[in-house]
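S.K.: I have a structure I would like to understand better, so I am pasting it below and will then ask my questions one at a time.
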Amino acid sequence: MDFLDFHHHKQIKKGIYNLNHLEAIPDTMFSAGIHPKDITQNWKSDFEEIKKKTLDKNCIAVGECGLDGLITVDEKLQNEVFQAQLSWAEEIRKPVIIHCVRRFSQILHFKKAKIPLIIHGFNKKETIAKELLNVGFYLSFGRAAMESLSLQKIIRNIPIDRLFLETDNSDFSIQDLYEKVAEVKSVSFENLKNQMWENLGNIRHNG
Ligand SMILES: [Zn+2]
């Protein structure tokens, strides 16, 4: 069985491929959404396109979408576009892959969503991880977890059924990350592999 790479941007990789903005859909698993950096005044027409793509059977999740405190796009507009995508995801019952930069307290307000919410590329403190986990979010970890002892501590304590692993934009082997996480969590490599697919099954049928 392949390793599940929960979120990545290169079609040659396996796992969930995140479409570039308005890119044509592939015949492999993918996610589609409006990234905060791609928000323009025309976002509503972009969103109509995104909606069509997300209805495809290979579309696993809506996203990545979310809130980013480091870009110049107006905050209110970011909220509006994110909320629209969340509501759509609830309507089509698909999970949401969330991009969040410096907006974790706002993201927590969306905890009542009726579909699973996954923070991708989690790279923050344990207190934030706990707050998110307590209200039902899933966390996906990437390259930073290979080196960061504080992320490894979070991974050690996170319930294994709330965890995902991803390469995102980085060029490194997802297998190395699986090896690291299996060691940190004291589980076998095979169990971890199976668990990640089971987690994917759970978020797909939980909606
Ligand atoms: Zn990404």
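The way I read the labels, and the way they are meant: chains A, B, ... in the order of the structure tokens, residue 1 as the first residue of every chain, and ligand 1 as the first ligand shown, with later ones counted on from there.
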Mind listing the residues within 9 Å of ligand 1, only C-alpha atoms and all ligand atoms counted, as a tab-separated table (two decimals) with N, CA and C atoms, in the first residue's frame?
M.R.:
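Ended up saving to pocket.tsv:
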```
chain	number	residue	atom	x	y	z
A	7	HIS	N	-1.47	16.04	1.80
A	7	HIS	CA	-1.60	17.34	1.11
A	7	HIS	C	-0.30	17.65	0.38
A	8	HIS	N	-0.39	17.78	-0.93
A	8	HIS	CA	0.82	18.13	-1.69
A	8	HIS	C	0.45	18.89	-2.95
A	9	HIS	N	1.45	19.42	-3.60
A	9	HIS	CA	1.23	20.30	-4.76
A	9	HIS	C	1.88	19.78	-6.03
A	18	ASN	N	-3.29	18.97	-4.27
A	18	ASN	CA	-4.03	20.22	-4.15
A	18	ASN	C	-3.96	20.97	-5.48
A	35	HIS	N	-7.38	29.45	-2.17
A	35	HIS	CA	-6.36	29.80	-1.18
A	35	HIS	C	-6.48	31.29	-0.91
A	64	GLU	N	-6.95	23.80	-0.34
A	64	GLU	CA	-6.79	24.44	0.93
A	64	GLU	C	-7.41	25.82	0.86
A	99	HIS	N	-5.70	26.20	5.56
A	99	HIS	CA	-4.44	26.93	5.63
A	99	HIS	C	-4.64	28.03	6.67
A	120	HIS	N	-3.75	22.01	7.95
A	120	HIS	CA	-2.60	21.39	7.31
A	120	HIS	C	-1.31	22.15	7.66
A	121	GLY	N	-0.18	21.45	7.58
A	121	GLY	CA	1.11	22.07	7.85
A	121	GLY	C	1.21	22.65	9.25
A	167	THR	N	3.55	16.21	2.56
A	167	THR	CA	4.81	16.84	2.09
A	167	THR	C	4.59	18.30	1.69
A	168	ASP	N	3.34	18.69	1.42
A	168	ASP	CA	3.02	20.07	1.00
A	168	ASP	C	3.91	20.48	-0.17
A	169	ASN	N	4.61	21.61	-0.03
A	169	ASN	CA	5.46	22.10	-1.12
A	169	ASN	C	6.88	21.57	-1.07
```
S.K.: Can you tell me, as an MDAnalysis selection string, what residues are no more than 10 Å from range 110-117 of chain A when counting only C-alpha atoms, ignoring any on the same chain fewer than 4 positions away?
M.R.: chainID A and resid 61:62 82:83 86:87 89:98 105:106 132 134:139 202:207
S.K.: As an exercise, work out the distance from CA of His21 in chain A to CA of Ile174 in chain A in Å and give it to one decimal place.
M.R.: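 That distance, rounded to one decimal, is 24.1 Å.
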S.K.: Would you kindly return, as a PyMOL selection string, each protein, DNA or RNA residue with an atom no farther than 12 Å from any atom of range 2-5 of chain A, considering only C-alpha atoms and excluding same-chain residues fewer than 4 positions away?
M.R.: chain A and resi 9-18+29-30+120-121+140-143+163-170+172-179+189-201
S.K.: Could you please take those selected residues and save C-alpha atoms as a CSV table (one decimal), in the first residue's frame?
M.R.:
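Produced file out.csv, reproduced below:
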```
chain,number,residue,atom,x,y,z
A,9,HIS,CA,1.2,20.3,-4.8
A,10,LYS,CA,2.9,18.0,-7.3
A,11,GLN,CA,0.9,15.8,-9.5
A,12,ILE,CA,3.6,13.2,-9.7
A,13,LYS,CA,3.3,12.5,-6.0
A,14,LYS,CA,0.7,10.1,-4.6
A,15,GLY,CA,-1.9,11.1,-2.1
A,16,ILE,CA,-4.2,14.2,-2.2
A,17,TYR,CA,-3.1,16.6,-4.8
A,18,ASN,CA,-4.0,20.2,-4.2
A,29,MET,CA,-7.4,12.1,-5.6
A,30,PHE,CA,-7.4,15.9,-5.2
A,120,HIS,CA,-2.6,21.4,7.3
A,121,GLY,CA,1.1,22.1,7.9
A,140,SER,CA,-1.6,17.4,9.5
A,141,PHE,CA,2.2,17.6,9.9
A,142,GLY,CA,4.8,18.1,7.3
A,143,ARG,CA,8.6,18.6,6.9
A,163,LEU,CA,-3.3,12.9,12.7
A,164,PHE,CA,-2.3,13.2,9.1
A,165,LEU,CA,1.1,13.5,7.3
A,166,GLU,CA,2.0,15.5,4.3
A,167,THR,CA,4.8,16.8,2.1
A,168,ASP,CA,3.0,20.1,1.0
A,169,ASN,CA,5.5,22.1,-1.1
A,170,SER,CA,8.6,20.4,0.2
A,172,PHE,CA,11.5,15.2,0.8
A,173,SER,CA,10.3,11.6,1.1
A,174,ILE,CA,7.0,11.1,2.8
A,175,GLN,CA,8.4,7.7,3.9
A,176,ASP,CA,11.1,9.5,6.0
A,177,LEU,CA,8.3,11.4,7.8
A,178,TYR,CA,6.4,8.2,8.4
A,179,GLU,CA,9.5,6.6,9.8
A,189,PHE,CA,5.5,1.6,10.5
A,190,GLU,CA,2.8,-0.7,9.0
A,191,ASN,CA,0.3,0.3,11.7
A,192,LEU,CA,0.9,4.0,11.0
A,193,LYS,CA,0.5,3.5,7.3
A,194,ASN,CA,-2.8,1.7,7.8
A,195,GLN,CA,-4.0,4.2,10.3
A,196,MET,CA,-3.5,7.1,8.0
A,197,TRP,CA,-5.7,5.5,5.4
A,198,GLU,CA,-8.3,4.7,8.1
A,199,ASN,CA,-8.2,8.3,9.2
A,200,LEU,CA,-8.9,9.4,5.6
A,201,GLY,CA,-11.8,6.9,5.5
```
S.K.: Using only C-alpha atoms, which of A:Lys51, A:Asp171, A:Val184, A:Val73 sits nearest Ile154 in chain A?
M.R.: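 Going through A:Lys51, A:Asp171, A:Val184, A:Val73 one by one, the smallest distance to Ile154 in chain A is for A:Val184.
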S.K.: So the first atom is CA of Glu49 in chain A and the second is CA of Leu19 in chain A; what is the distance between them in Å, to one decimal place?
M.R.: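 Between CA of Glu49 in chain A and CA of Leu19 in chain A the gap works out to 12.3 Å.
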